[in-house]
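Student: Here's a structure for you.
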Amino acid sequence: MNKSIIKTHELTKTYGRGANLTRALRGVDMEIPRGSFTCIVGPSGHGKSTLMHLIGGLDRPSSGRVLIDGQDVSRMAEKKLAMMRAVKIGFVFQFFNLLQSLTALENIEIALMLAGVPEARQQKRALELLELVGLSEKANAKPGQLSGGQQQRVAIARALANDPPILLMDEPTGNLDSTAEDEVMHVLETLNQKGKTIILVTHSSEIAARAENVVRVRDGRLEAD
Amino acid sequence: MTPGKLVFKNITQRRGRFVFTLLGIVIGMACFVTFMALGGSLKSQIEQESAALGANLVVTPKGSCAYEQVSILTGEQLPTTITADEVRVLRAIDGMTAIPYLAERSAIDNRPVSVLGILPAETRAFKNWEITAGSYFASEDAQGAVLGSVLAEQFGLEPGGEVRVRGTMVRVIGVLAETGGKDDLTVFLSMPLAQSLYQQEGLVSYVAVRVDRLDEVDLYAMKIKEKVSLGVVSDKQMLSAVLSIVGTVNITLQLIAAVAILAAAFGIVNTMMTATYERKREIGILLAMGANRTRIFHLFLLESGIYGLLGGLAGGVLGLGASILAAPYISQNAVTSFVKGTQTSIDPLMFIGAVFFSTLVAMAAGFYPAWKASKLSPVEAISYE
């Protein structure tokens, strides 16, 4: 098995044309070891989120390659890429991004549905995941009835639904108070110990200090640690 | 969780919009089903009426137009321009039976009813009438009225009672057994009584003719035209003339319904477009979780399809209900007077067809918004605030 789970090669991303051209990434070469806990840090607008979107297959690079488990996702067909997002990557966002009309349990079931898990098996798995993040008793609560920390834990449970090897997180604690942040970080560290590769985009130096690898992004390039 | 459940939860999340969008399609479909039901019943009633006429040829005043043919079938008042002499000539032709009628109108409790002057014995033999209550006309000039069954029931009239015809109280002699046609809603008088009440001495409105040999219908039509200067139409011609009018009426009604449905379809387009903007972020989340574009497209198409399905079901039920309720109120003019009581044609196939049609229209309406939603870039969608 490959030692690094994610590899990028001369990754660039530009937006717009002519005078409006913005270079979000200017040639990023990066390797993320399997089972590592990596933080991507750097000032706002310097390409952290763009890098995460490219790694997660939410966007395509202008040039260069992204390899996940040795597979080039930058040129993958749309359907195959979607399936890869469903089973290999779990996303967690700053604003939790739970579907407001659904309960905590149903939010997790959606991820299972999209990966093709039959309805009969969805509920058991979703309950297991809620238990994992310590929210079994909130299964039928809607996002509006949960605190920020609880919502983010539901989002983490949802990201874990199809047991993906990689968790990609964009400022997952950016909207949480320090207690909730600690709860969430604790969950993430436990998951990392169980073998999940975690990549976390953050502003916070405290969080970065808890990670084993720190990648600094500035002006669309990586800075030496 | 299934796509269907997800869509249903999404729809019902915004109840107000759901209800109003649904109302649009419900009203459109209700119009459509009402008009179809009434139109369908017009046609079937006319066919039934034509059969109940029991005639192969109908002799009408000269220059008879389609309106007069409609009038014969509906029991409207007709110009009484056929004279006793002409009737005598017609009745003298061998090989056919000619029965004259005087068609007039009266009102009971302010509701218009048909009054028909007849030759009692011959008409009864011609139409095979049965009596359920009281008795039949005892003589050709009997002073009294025999009523159609539905009319007697509607106005609570019984033998021994009285009915007002053109300001004169006429004793009810008997009530006919139900015929299923317009005769059920008619007041029958003996010809001399009808002629004197309406001051039409010696005149009749039309003459129904039955020929002994069906294959000679055309020949007799010629014979009649030779002997009297009157119009002659065969029952088939009359039926097709009337049905063509009914067809025009039906098409007009359906066009109106189509406009209503079209308006409702644009309501769905509007709602779904709003939904794609509002739920941009949600689409992004689904994409991040592994939904592909086809899946997003299907979810949105399913959502508009559900509007169509629910709207079709509710509109269908409402439309059939409305057609049953509306029928008695629109039975006051020549063309629609066939639709009476509870007789609307409720065709299960039409109902299923309407629901299917409504779903199809709604999905067509949802096509563009669904396509727009499926074309969203995941990053743009997820970053939407």
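Ligands are numbered from 1 in the order shown, chains are lettered A, B, ... in the order of the structure tokens, and residues start at 1 in each chain.
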Fewer than 5 positions away in the same chain doesn't count, so skip those; otherwise give me all residues within 8 Å of region 274-285 of chain B, counting only C-alpha atoms, as a list in words.

Tutor: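 Contacts, with the query itself left out: Asn97, Leu98 and Leu99 of chain A; Ile296, Pro369, Ala370, Lys372, Ala373, Leu376, Ser377, Pro378, Val379, Glu380, Ala381, Ile382, Ser383, Tyr384 and Glu385 of chain B.
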
Student: Could those selected residues go to a file with N, CA and C atoms, as an mmCIF file, in the first residue's frame?

Tutor:
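Saved result, part_18.cif, follows:
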```cif
data_model
loop_
_atom_site.group_PDB
_atom_site.id
_atom_site.type_symbol
_atom_site.label_atom_id
_atom_site.label_comp_id
_atom_site.auth_asym_id
_atom_site.auth_seq_id
_atom_site.Cartn_x
_atom_site.Cartn_y
_atom_site.Cartn_z
ATOM 1 N N ASN A 97 -23.180 22.981 7.727
ATOM 2 C CA ASN A 97 -23.832 22.536 6.501
ATOM 3 C C ASN A 97 -24.675 21.285 6.661
ATOM 4 N N LEU A 98 -25.526 21.309 7.668
ATOM 5 C CA LEU A 98 -26.501 20.227 7.790
ATOM 6 C C LEU A 98 -27.756 20.660 7.031
ATOM 7 N N LEU A 99 -28.499 19.696 6.534
ATOM 8 C CA LEU A 99 -29.758 20.040 5.865
ATOM 9 C C LEU A 99 -30.785 20.342 6.952
ATOM 10 N N ILE B 296 -28.778 15.162 -8.706
ATOM 11 C CA ILE B 296 -29.358 16.475 -8.374
ATOM 12 C C ILE B 296 -30.513 16.771 -9.330
ATOM 13 N N PRO B 369 -35.453 24.307 -14.274
ATOM 14 C CA PRO B 369 -34.845 24.526 -12.953
ATOM 15 C C PRO B 369 -33.964 23.348 -12.515
ATOM 16 N N ALA B 370 -34.405 22.127 -12.806
ATOM 17 C CA ALA B 370 -33.622 20.952 -12.401
ATOM 18 C C ALA B 370 -32.278 20.939 -13.133
ATOM 19 N N LYS B 372 -30.743 23.600 -14.279
ATOM 20 C CA LYS B 372 -29.934 24.673 -13.692
ATOM 21 C C LYS B 372 -29.270 24.190 -12.395
ATOM 22 N N ALA B 373 -30.054 23.500 -11.585
ATOM 23 C CA ALA B 373 -29.537 23.030 -10.292
ATOM 24 C C ALA B 373 -28.396 22.044 -10.511
ATOM 25 N N LEU B 376 -24.839 23.515 -11.242
ATOM 26 C CA LEU B 376 -24.113 24.335 -10.257
ATOM 27 C C LEU B 376 -22.733 23.736 -9.983
ATOM 28 N N SER B 377 -21.763 24.620 -9.799
ATOM 29 C CA SER B 377 -20.443 24.106 -9.439
ATOM 30 C C SER B 377 -20.455 23.816 -7.936
ATOM 31 N N PRO B 378 -19.899 22.680 -7.526
ATOM 32 C CA PRO B 378 -19.937 22.313 -6.103
ATOM 33 C C PRO B 378 -19.342 23.402 -5.213
ATOM 34 N N VAL B 379 -18.196 23.972 -5.640
ATOM 35 C CA VAL B 379 -17.532 24.970 -4.800
ATOM 36 C C VAL B 379 -18.386 26.220 -4.661
ATOM 37 N N GLU B 380 -18.947 26.641 -5.794
ATOM 38 C CA GLU B 380 -19.797 27.838 -5.771
ATOM 39 C C GLU B 380 -21.008 27.589 -4.877
ATOM 40 N N ALA B 381 -21.588 26.403 -5.004
ATOM 41 C CA ALA B 381 -22.797 26.080 -4.245
ATOM 42 C C ALA B 381 -22.510 26.008 -2.754
ATOM 43 N N ILE B 382 -21.411 25.385 -2.421
ATOM 44 C CA ILE B 382 -21.110 25.182 -1.006
ATOM 45 C C ILE B 382 -20.718 26.502 -0.334
ATOM 46 N N SER B 383 -20.156 27.446 -1.121
ATOM 47 C CA SER B 383 -19.728 28.713 -0.538
ATOM 48 C C SER B 383 -20.856 29.729 -0.500
ATOM 49 N N TYR B 384 -22.041 29.347 -1.042
ATOM 50 C CA TYR B 384 -23.156 30.291 -1.122
ATOM 51 C C TYR B 384 -23.713 30.593 0.254
ATOM 52 N N GLU B 385 -23.938 31.884 0.520
ATOM 53 C CA GLU B 385 -24.488 32.230 1.840
ATOM 54 C C GLU B 385 -25.763 33.006 1.695
#
```

Student: Using only C-alpha atoms, which protein or nucleic acid residues come within 12 Å of Ala209 (chain A)? Drop anything in the same chain fewer than 4 positions from it, and give the result as a ChimeraX atom specification.

Tutor: /A:37-41,185,202-205,213-215

Student: Any chance you can output those residues with N, CA and C atoms as an mmCIF file, in the first residue's frame?

Tutor:
```
data_model
loop_
_atom_site.group_PDB
_atom_site.id
_atom_site.type_symbol
_atom_site.label_atom_id
_atom_site.label_comp_id
_atom_site.auth_asym_id
_atom_site.auth_seq_id
_atom_site.Cartn_x
_atom_site.Cartn_y
_atom_site.Cartn_z
ATOM 1 N N PHE A 37 -2.388 13.410 10.824
ATOM 2 C CA PHE A 37 -3.269 14.528 11.183
ATOM 3 C C PHE A 37 -2.560 15.786 10.695
ATOM 4 N N THR A 38 -3.066 16.376 9.610
ATOM 5 C CA THR A 38 -2.393 17.501 8.984
ATOM 6 C C THR A 38 -3.240 18.756 9.090
ATOM 7 N N CYS A 39 -2.601 19.854 9.471
ATOM 8 C CA CYS A 39 -3.313 21.131 9.443
ATOM 9 C C CYS A 39 -2.785 21.971 8.290
ATOM 10 N N ILE A 40 -3.700 22.589 7.534
ATOM 11 C CA ILE A 40 -3.304 23.552 6.514
ATOM 12 C C ILE A 40 -3.587 24.925 7.108
ATOM 13 N N VAL A 41 -2.543 25.718 7.265
ATOM 14 C CA VAL A 41 -2.733 27.040 7.865
ATOM 15 C C VAL A 41 -2.250 28.118 6.903
ATOM 16 N N MET A 185 -12.340 18.640 18.703
ATOM 17 C CA MET A 185 -10.959 18.212 18.505
ATOM 18 C C MET A 185 -10.717 16.847 19.140
ATOM 19 N N THR A 202 -7.273 25.569 8.999
ATOM 20 C CA THR A 202 -7.589 26.397 10.176
ATOM 21 C C THR A 202 -6.798 27.697 10.207
ATOM 22 N N HIS A 203 -7.345 28.634 10.965
ATOM 23 C CA HIS A 203 -6.641 29.880 11.260
ATOM 24 C C HIS A 203 -5.924 29.780 12.601
ATOM 25 N N SER A 204 -6.433 28.853 13.405
ATOM 26 C CA SER A 204 -6.041 28.830 14.809
ATOM 27 C C SER A 204 -4.685 28.150 15.023
ATOM 28 N N SER A 205 -3.765 28.886 15.658
ATOM 29 C CA SER A 205 -2.440 28.302 15.909
ATOM 30 C C SER A 205 -2.525 27.246 17.012
ATOM 31 N N ASN A 213 1.384 17.229 11.452
ATOM 32 C CA ASN A 213 1.964 17.939 10.314
ATOM 33 C C ASN A 213 1.286 19.276 10.165
ATOM 34 N N VAL A 214 2.050 20.292 9.825
ATOM 35 C CA VAL A 214 1.435 21.581 9.518
ATOM 36 C C VAL A 214 1.934 22.021 8.152
ATOM 37 N N VAL A 215 0.985 22.350 7.271
ATOM 38 C CA VAL A 215 1.326 22.835 5.937
ATOM 39 C C VAL A 215 0.928 24.302 5.888
#
```

Student: Excluding region 256-273 of chain B and residues on its chain fewer than 3 positions from it, collect all residues at most 7 Å away from it, counting only C-alpha atoms, and give them as a list of chain:residue names.

Tutor: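 Neighbouring residues, sequence-local ones excluded: B:Thr21, B:Gly24, B:Ile25, B:Gly28, B:Met29, B:Cys31, B:Phe32, B:Thr252, B:Leu253, B:Thr276, B:Tyr277, B:Ser304, B:Val361, B:Ala362, B:Ala365, B:Gly366, B:Pro369.
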
Student: I need the chain B residues near chain A as an mmCIF file with N, CA and C atoms, in the first residue's frame; criterion: at most 7 Å, counting only C-alpha atoms.

Tutor:
```
data_model
loop_
_atom_site.group_PDB
_atom_site.id
_atom_site.type_symbol
_atom_site.label_atom_id
_atom_site.label_comp_id
_atom_site.auth_asym_id
_atom_site.auth_seq_id
_atom_site.Cartn_x
_atom_site.Cartn_y
_atom_site.Cartn_z
ATOM 1 N N MET B 1 -33.380 6.622 4.456
ATOM 2 C CA MET B 1 -33.688 7.790 3.620
ATOM 3 C C MET B 1 -33.702 7.374 2.150
ATOM 4 N N THR B 2 -34.683 7.875 1.450
ATOM 5 C CA THR B 2 -34.757 7.620 0.005
ATOM 6 C C THR B 2 -34.897 8.984 -0.684
ATOM 7 N N LYS B 9 -39.664 15.919 2.244
ATOM 8 C CA LYS B 9 -39.309 16.751 3.402
ATOM 9 C C LYS B 9 -38.942 18.161 2.959
ATOM 10 N N ASN B 10 -38.254 18.239 1.838
ATOM 11 C CA ASN B 10 -37.876 19.552 1.312
ATOM 12 C C ASN B 10 -39.107 20.373 0.948
ATOM 13 N N GLN B 13 -41.152 21.493 3.983
ATOM 14 C CA GLN B 13 -40.412 22.405 4.863
ATOM 15 C C GLN B 13 -40.945 23.830 4.721
ATOM 16 N N GLU B 282 -27.489 23.787 -0.127
ATOM 17 C CA GLU B 282 -27.898 22.406 0.092
ATOM 18 C C GLU B 282 -27.426 21.514 -1.069
ATOM 19 N N ILE B 285 -23.875 20.827 -0.549
ATOM 20 C CA ILE B 285 -23.648 19.798 0.482
ATOM 21 C C ILE B 285 -23.846 18.408 -0.132
ATOM 22 N N ALA B 288 -20.967 17.544 -2.264
ATOM 23 C CA ALA B 288 -19.790 17.204 -1.466
ATOM 24 C C ALA B 288 -19.923 15.805 -0.875
ATOM 25 N N MET B 289 -21.162 15.428 -0.555
ATOM 26 C CA MET B 289 -21.373 14.116 0.035
ATOM 27 C C MET B 289 -21.352 13.002 -1.002
ATOM 28 N N GLY B 290 -21.210 13.368 -2.259
ATOM 29 C CA GLY B 290 -21.073 12.332 -3.277
ATOM 30 C C GLY B 290 -22.215 12.235 -4.269
ATOM 31 N N ALA B 291 -23.141 13.218 -4.239
ATOM 32 C CA ALA B 291 -24.199 13.199 -5.247
ATOM 33 C C ALA B 291 -23.593 13.636 -6.578
ATOM 34 N N ASN B 292 -24.000 12.985 -7.687
ATOM 35 C CA ASN B 292 -23.529 13.483 -8.978
ATOM 36 C C ASN B 292 -24.614 14.364 -9.598
ATOM 37 N N PRO B 378 -19.899 22.680 -7.526
ATOM 38 C CA PRO B 378 -19.937 22.313 -6.103
ATOM 39 C C PRO B 378 -19.342 23.402 -5.213
ATOM 40 N N VAL B 379 -18.196 23.972 -5.640
ATOM 41 C CA VAL B 379 -17.532 24.970 -4.800
ATOM 42 C C VAL B 379 -18.386 26.220 -4.661
#
```

Student: Using the chain letters and numbers from this document, which residues of region 138-339 of chain B does DSSP assign to strand (DSSP E or B), as a count of residues only?

Tutor: 33

Student: Just the residues within 7 Å of Val170 (chain B), please, counting only C-alpha atoms, with nothing from its chain fewer than 4 positions along; format it as a list of chain:residue names.

Tutor: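 Contacts, in chain order: B:Gly144, B:Ala145, B:Glu162, B:Val163, B:Arg164, B:Val165.
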
Student: For each of B:Gly160, B:Gly231, B:Pro100, B:Gly39, take the minimum atom-to-atom distance to Glu122 (chain B), counting only C-alpha atoms, then give the residue where this is smallest.

Tutor: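 Of the candidates, the smallest distance to Glu122 (chain B) is held by B:Pro100.
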
Student: Determine, counting only C-alpha atoms, which protein, DNA and RNA residues have an atom within 8 Å of an atom of region 58-62 of chain B; residues of the same chain fewer than 2 positions away are not included. Present the result as a list of chain:residue names.

Tutor: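 So the residues in contact are B:Ala55, B:Asn56, B:Ser64, B:Glu68, B:Pro79, B:Thr80, B:Thr81, B:Ile82, B:Ser205, B:Tyr206, B:Val207, B:Ala208, B:Val209, B:Ser229, B:Leu230, B:Gly231, B:Val232, B:Val233, B:Ser234, B:Asp235.
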
Student: Report the residues of region 176-338 of chain B whose backbone DSSP state falls under alpha helix (DSSP H), written as a PyMOL selection string.

Tutor: chain B and resi 191-197+217-227+235-278+280-288+293-326

Student: Write the residues of the preceding selection, restricted to C-alpha atoms, as a short mmCIF file (atom, residue, chain, number, x, y, z; two decimals), in the first residue's frame.

Tutor:
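The resulting file, part38.cif, is reproduced below:
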```cif
data_model
loop_
_atom_site.label_atom_id
_atom_site.label_comp_id
_atom_site.auth_asym_id
_atom_site.auth_seq_id
_atom_site.Cartn_x
_atom_site.Cartn_y
_atom_site.Cartn_z
CA MET B 191 -101.94 17.99 -28.25
CA PRO B 192 -105.26 19.90 -28.18
CA LEU B 193 -104.64 21.08 -24.60
CA ALA B 194 -101.07 22.17 -25.35
CA GLN B 195 -102.16 23.98 -28.50
CA SER B 196 -104.88 25.86 -26.69
CA LEU B 197 -102.72 26.78 -23.66
CA VAL B 217 -84.81 6.06 -45.14
CA ASP B 218 -83.38 8.24 -47.92
CA LEU B 219 -86.25 7.40 -50.21
CA TYR B 220 -88.78 8.51 -47.63
CA ALA B 221 -86.81 11.68 -46.97
CA MET B 222 -87.22 12.47 -50.69
CA LYS B 223 -90.91 11.59 -50.64
CA ILE B 224 -91.52 13.91 -47.71
CA LYS B 225 -89.68 16.77 -49.40
CA GLU B 226 -91.79 16.26 -52.52
CA LYS B 227 -95.07 16.48 -50.65
CA ASP B 235 -81.33 11.16 -36.96
CA LYS B 236 -77.68 10.54 -37.92
CA GLN B 237 -77.38 13.93 -39.59
CA MET B 238 -79.03 15.56 -36.64
CA LEU B 239 -76.76 13.76 -34.22
CA SER B 240 -73.63 14.73 -36.11
CA ALA B 241 -74.76 18.35 -36.41
CA VAL B 242 -75.40 18.54 -32.68
CA LEU B 243 -72.23 16.70 -31.79
CA SER B 244 -70.20 19.09 -33.89
CA ILE B 245 -71.60 21.98 -31.86
CA VAL B 246 -70.89 20.11 -28.66
CA GLY B 247 -67.39 19.41 -29.97
CA THR B 248 -66.78 23.11 -30.45
CA VAL B 249 -68.05 23.84 -26.98
CA ASN B 250 -65.82 21.11 -25.55
CA ILE B 251 -62.73 22.36 -27.36
CA THR B 252 -63.39 25.89 -26.11
CA LEU B 253 -63.75 24.65 -22.55
CA GLN B 254 -60.60 22.58 -22.84
CA LEU B 255 -58.66 25.54 -24.20
CA ILE B 256 -59.69 27.56 -21.18
CA ALA B 257 -58.55 24.70 -18.95
CA ALA B 258 -55.27 24.49 -20.87
CA VAL B 259 -54.59 28.15 -20.14
CA ALA B 260 -55.24 27.51 -16.44
CA ILE B 261 -52.85 24.58 -16.47
CA LEU B 262 -50.23 26.57 -18.35
CA ALA B 263 -50.42 29.32 -15.73
CA ALA B 264 -50.02 26.68 -13.01
CA ALA B 265 -47.02 25.22 -14.83
CA PHE B 266 -45.29 28.59 -14.76
CA GLY B 267 -46.07 28.73 -11.05
CA ILE B 268 -44.10 25.52 -10.69
CA VAL B 269 -41.24 26.88 -12.79
CA ASN B 270 -41.15 29.91 -10.52
CA THR B 271 -41.22 27.88 -7.32
CA MET B 272 -38.54 25.51 -8.54
CA MET B 273 -36.30 28.33 -9.74
CA THR B 274 -36.60 29.96 -6.33
CA ALA B 275 -35.81 26.59 -4.77
CA THR B 276 -32.63 26.21 -6.80
CA TYR B 277 -31.43 29.64 -5.62
CA GLU B 278 -32.47 29.12 -2.02
CA LYS B 280 -27.83 26.37 -3.57
CA ARG B 281 -25.90 25.57 -0.44
CA GLU B 282 -27.90 22.41 0.09
CA ILE B 283 -27.06 21.32 -3.45
CA GLY B 284 -23.41 21.97 -2.63
CA ILE B 285 -23.65 19.80 0.48
CA LEU B 286 -25.21 16.97 -1.51
CA LEU B 287 -22.49 17.27 -4.15
CA ALA B 288 -19.79 17.20 -1.47
CA ARG B 293 -25.22 15.92 -11.34
CA THR B 294 -27.72 13.37 -12.59
CA ARG B 295 -28.81 12.74 -9.01
CA ILE B 296 -29.36 16.47 -8.37
CA PHE B 297 -31.30 16.73 -11.63
CA HIS B 298 -33.49 13.77 -10.64
CA LEU B 299 -34.15 15.14 -7.16
CA PHE B 300 -35.39 18.45 -8.54
CA LEU B 301 -37.41 16.81 -11.29
CA LEU B 302 -38.97 14.50 -8.72
CA GLU B 303 -39.89 17.52 -6.64
CA SER B 304 -41.82 19.16 -9.46
CA GLY B 305 -43.32 15.79 -10.36
CA ILE B 306 -44.70 15.51 -6.82
CA TYR B 307 -46.38 18.90 -7.25
CA GLY B 308 -47.98 17.58 -10.40
CA LEU B 309 -49.03 14.28 -8.85
CA LEU B 310 -50.57 15.84 -5.74
CA GLY B 311 -52.08 18.67 -7.78
CA GLY B 312 -53.54 16.19 -10.25
CA LEU B 313 -55.07 14.03 -7.53
CA ALA B 314 -56.55 16.93 -5.59
CA GLY B 315 -57.57 18.77 -8.77
CA GLY B 316 -59.18 15.62 -10.15
CA VAL B 317 -61.27 15.05 -7.03
CA LEU B 318 -62.17 18.75 -6.82
CA GLY B 319 -63.03 18.85 -10.52
CA LEU B 320 -65.33 15.86 -10.36
CA GLY B 321 -66.96 17.31 -7.27
CA ALA B 322 -67.38 20.66 -8.99
CA SER B 323 -68.84 19.07 -12.11
CA ILE B 324 -71.43 17.24 -10.02
CA LEU B 325 -72.30 20.43 -8.13
CA ALA B 326 -72.22 22.65 -11.21
#
```

Student: Quick one: pull the distance between CA of Ala138 (chain B) and CA of Gly174 (chain B), Å, one decimal.

Tutor: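 About the pair CA of Ala138 (chain B) and CA of Gly174 (chain B): they are 10.8 Å apart.
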
Student: Using only C-alpha atoms, which of A:Gly195, A:Pro165, A:Gly149, A:Pro143 sits nearest Glu181 (chain A)?

Tutor: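 The shortest atom-to-atom distance to Glu181 (chain A) comes from A:Gly149.
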